[in-house]
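**Q** Sharing a structure below in structure tokens format, with a few things to ask.
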Amino acid sequence: NPEVLEIIKKYRREPLGELTNENIQYRLVSRMVNEAILCLQEGIIATPMDGDVGAIFGLGFPPFLGGPFMWVDQYGADKLVKKMEQFSSVYGKRFEPCQLLLDHANDPSKKFRG
């Protein structure tokens, strides 16, 4: 249908950033992990263990990764913050890391589950 093609052309947007599988995966997980850490920061959850268990059983976070808090401890808060800062420069404020994540990134001795 040529009319539909014209509408698509009119509203089509070029994707921002690099669309690799790895990039997409980190964009998704970084937002979820940041939100979990923000919940801890704001007192919505009491402990990182609560967040890990809730994410695994409530959100479907992959159990073999141990939950968002265990994952960030293993991956490295500093590496996650660097990725989020890259994403923030392309996709905007929604990728800005919360203060508690920044604190952990600045002090490698800090662990959520350690």
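Here's how to read the names in the structure tokens: chain A, B, ... by the order shown, residue numbers from 1 in each chain, ligand numbers from 1 in the order shown.
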I need the alpha helix (DSSP H) residues of chain A per DSSP on the backbone, written as a ChimeraX atom specification.
**A** /A:2-11,21-41,48-54,68-75,77-91,99-106
**Q** Name the residues in contact with segment 56-63 of chain A at a cut-off of 12 Å, using only C-alpha atoms, excluding same-chain residues fewer than 6 positions from it; report them as a list in words.
**A**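 Close residues of segment 56-63 of chain A: Leu28, Val29, Met32, Val33, Ala36, Met49, Asp50, Phe69, Met70 and Trp71 of chain A.
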**Q** Using N, CA, C and O atoms, can you write the selected residues to a file as a PDB file, in the first residue's frame?
**A**
ATOM      1  N   LEU A  28      19.362  -2.214  28.428  1.00  0.00           N
ATOM      2  CA  LEU A  28      18.252  -2.754  29.212  1.00  0.00           C
ATOM      3  C   LEU A  28      18.662  -3.037  30.653  1.00  0.00           C
ATOM      4  O   LEU A  28      17.989  -2.634  31.599  1.00  0.00           O
ATOM      5  N   VAL A  29      19.767  -3.743  30.832  1.00  0.00           N
ATOM      6  CA  VAL A  29      20.164  -4.146  32.183  1.00  0.00           C
ATOM      7  C   VAL A  29      20.608  -2.940  33.010  1.00  0.00           C
ATOM      8  O   VAL A  29      20.351  -2.886  34.208  1.00  0.00           O
ATOM      9  N   MET A  32      17.564  -1.300  34.567  1.00  0.00           N
ATOM     10  CA  MET A  32      16.958  -2.136  35.606  1.00  0.00           C
ATOM     11  C   MET A  32      17.817  -2.121  36.874  1.00  0.00           C
ATOM     12  O   MET A  32      17.294  -1.966  37.982  1.00  0.00           O
ATOM     13  N   VAL A  33      19.107  -2.271  36.719  1.00  0.00           N
ATOM     14  CA  VAL A  33      20.016  -2.283  37.868  1.00  0.00           C
ATOM     15  C   VAL A  33      20.020  -0.918  38.552  1.00  0.00           C
ATOM     16  O   VAL A  33      19.953  -0.832  39.781  1.00  0.00           O
ATOM     17  N   ALA A  36      16.905  -0.576  40.614  1.00  0.00           N
ATOM     18  CA  ALA A  36      16.970  -1.390  41.830  1.00  0.00           C
ATOM     19  C   ALA A  36      17.828  -0.694  42.890  1.00  0.00           C
ATOM     20  O   ALA A  36      17.462  -0.636  44.070  1.00  0.00           O
ATOM     21  N   MET A  49      19.819  -7.945  49.237  1.00  0.00           N
ATOM     22  CA  MET A  49      19.262  -9.298  49.094  1.00  0.00           C
ATOM     23  C   MET A  49      17.771  -9.235  48.747  1.00  0.00           C
ATOM     24  O   MET A  49      17.290  -9.971  47.893  1.00  0.00           O
ATOM     25  N   ASP A  50      17.036  -8.332  49.397  1.00  0.00           N
ATOM     26  CA  ASP A  50      15.613  -8.145  49.078  1.00  0.00           C
ATOM     27  C   ASP A  50      15.437  -7.795  47.601  1.00  0.00           C
ATOM     28  O   ASP A  50      14.543  -8.304  46.927  1.00  0.00           O
ATOM     29  N   PHE A  69      21.852  -6.664  42.203  1.00  0.00           N
ATOM     30  CA  PHE A  69      22.925  -6.217  43.100  1.00  0.00           C
ATOM     31  C   PHE A  69      24.147  -7.125  42.996  1.00  0.00           C
ATOM     32  O   PHE A  69      25.278  -6.640  42.957  1.00  0.00           O
ATOM     33  N   MET A  70      23.904  -8.421  42.948  1.00  0.00           N
ATOM     34  CA  MET A  70      25.029  -9.342  42.780  1.00  0.00           C
ATOM     35  C   MET A  70      25.677  -9.132  41.419  1.00  0.00           C
ATOM     36  O   MET A  70      26.902  -9.159  41.284  1.00  0.00           O
ATOM     37  N   TRP A  71      24.850  -8.889  40.409  1.00  0.00           N
ATOM     38  CA  TRP A  71      25.388  -8.674  39.061  1.00  0.00           C
ATOM     39  C   TRP A  71      26.311  -7.459  39.039  1.00  0.00           C
ATOM     40  O   TRP A  71      27.404  -7.515  38.477  1.00  0.00           O
TER      41      TRP A  71
END
**Q** Between A:Tyr75, A:Ser89, A:Lys111, A:Pro2, which is the closest to Ser30 of chain A once you count only C-alpha atoms?
**A** A:Tyr75
**Q** What does the distance from atom CA of Asp52 of chain A to atom CA of Pro68 of chain A come to in Å, to one decimal?
**A**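 Going from atom CA of Asp52 of chain A over to atom CA of Pro68 of chain A covers 5.8 Å.
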**Q** What is the distance, in Å and to one decimal place, between atom CA of Glu96 of chain A and atom CA of Lys82 of chain A?
**A** 10.2 Å
**Q** Can you work out the spacing between atom CA of Val4 of chain A and atom CA of Asn21 of chain A in Å, to one decimal?
**A**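 Distance reported for this atom pair: 29.3 Å.
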**Q** A:Leu100, A:Leu40, A:Ile7, A:Met84: which is nearest Tyr26 of chain A, counting only C-alpha atoms?
**A**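 The closest residue to Tyr26 of chain A is A:Met84.
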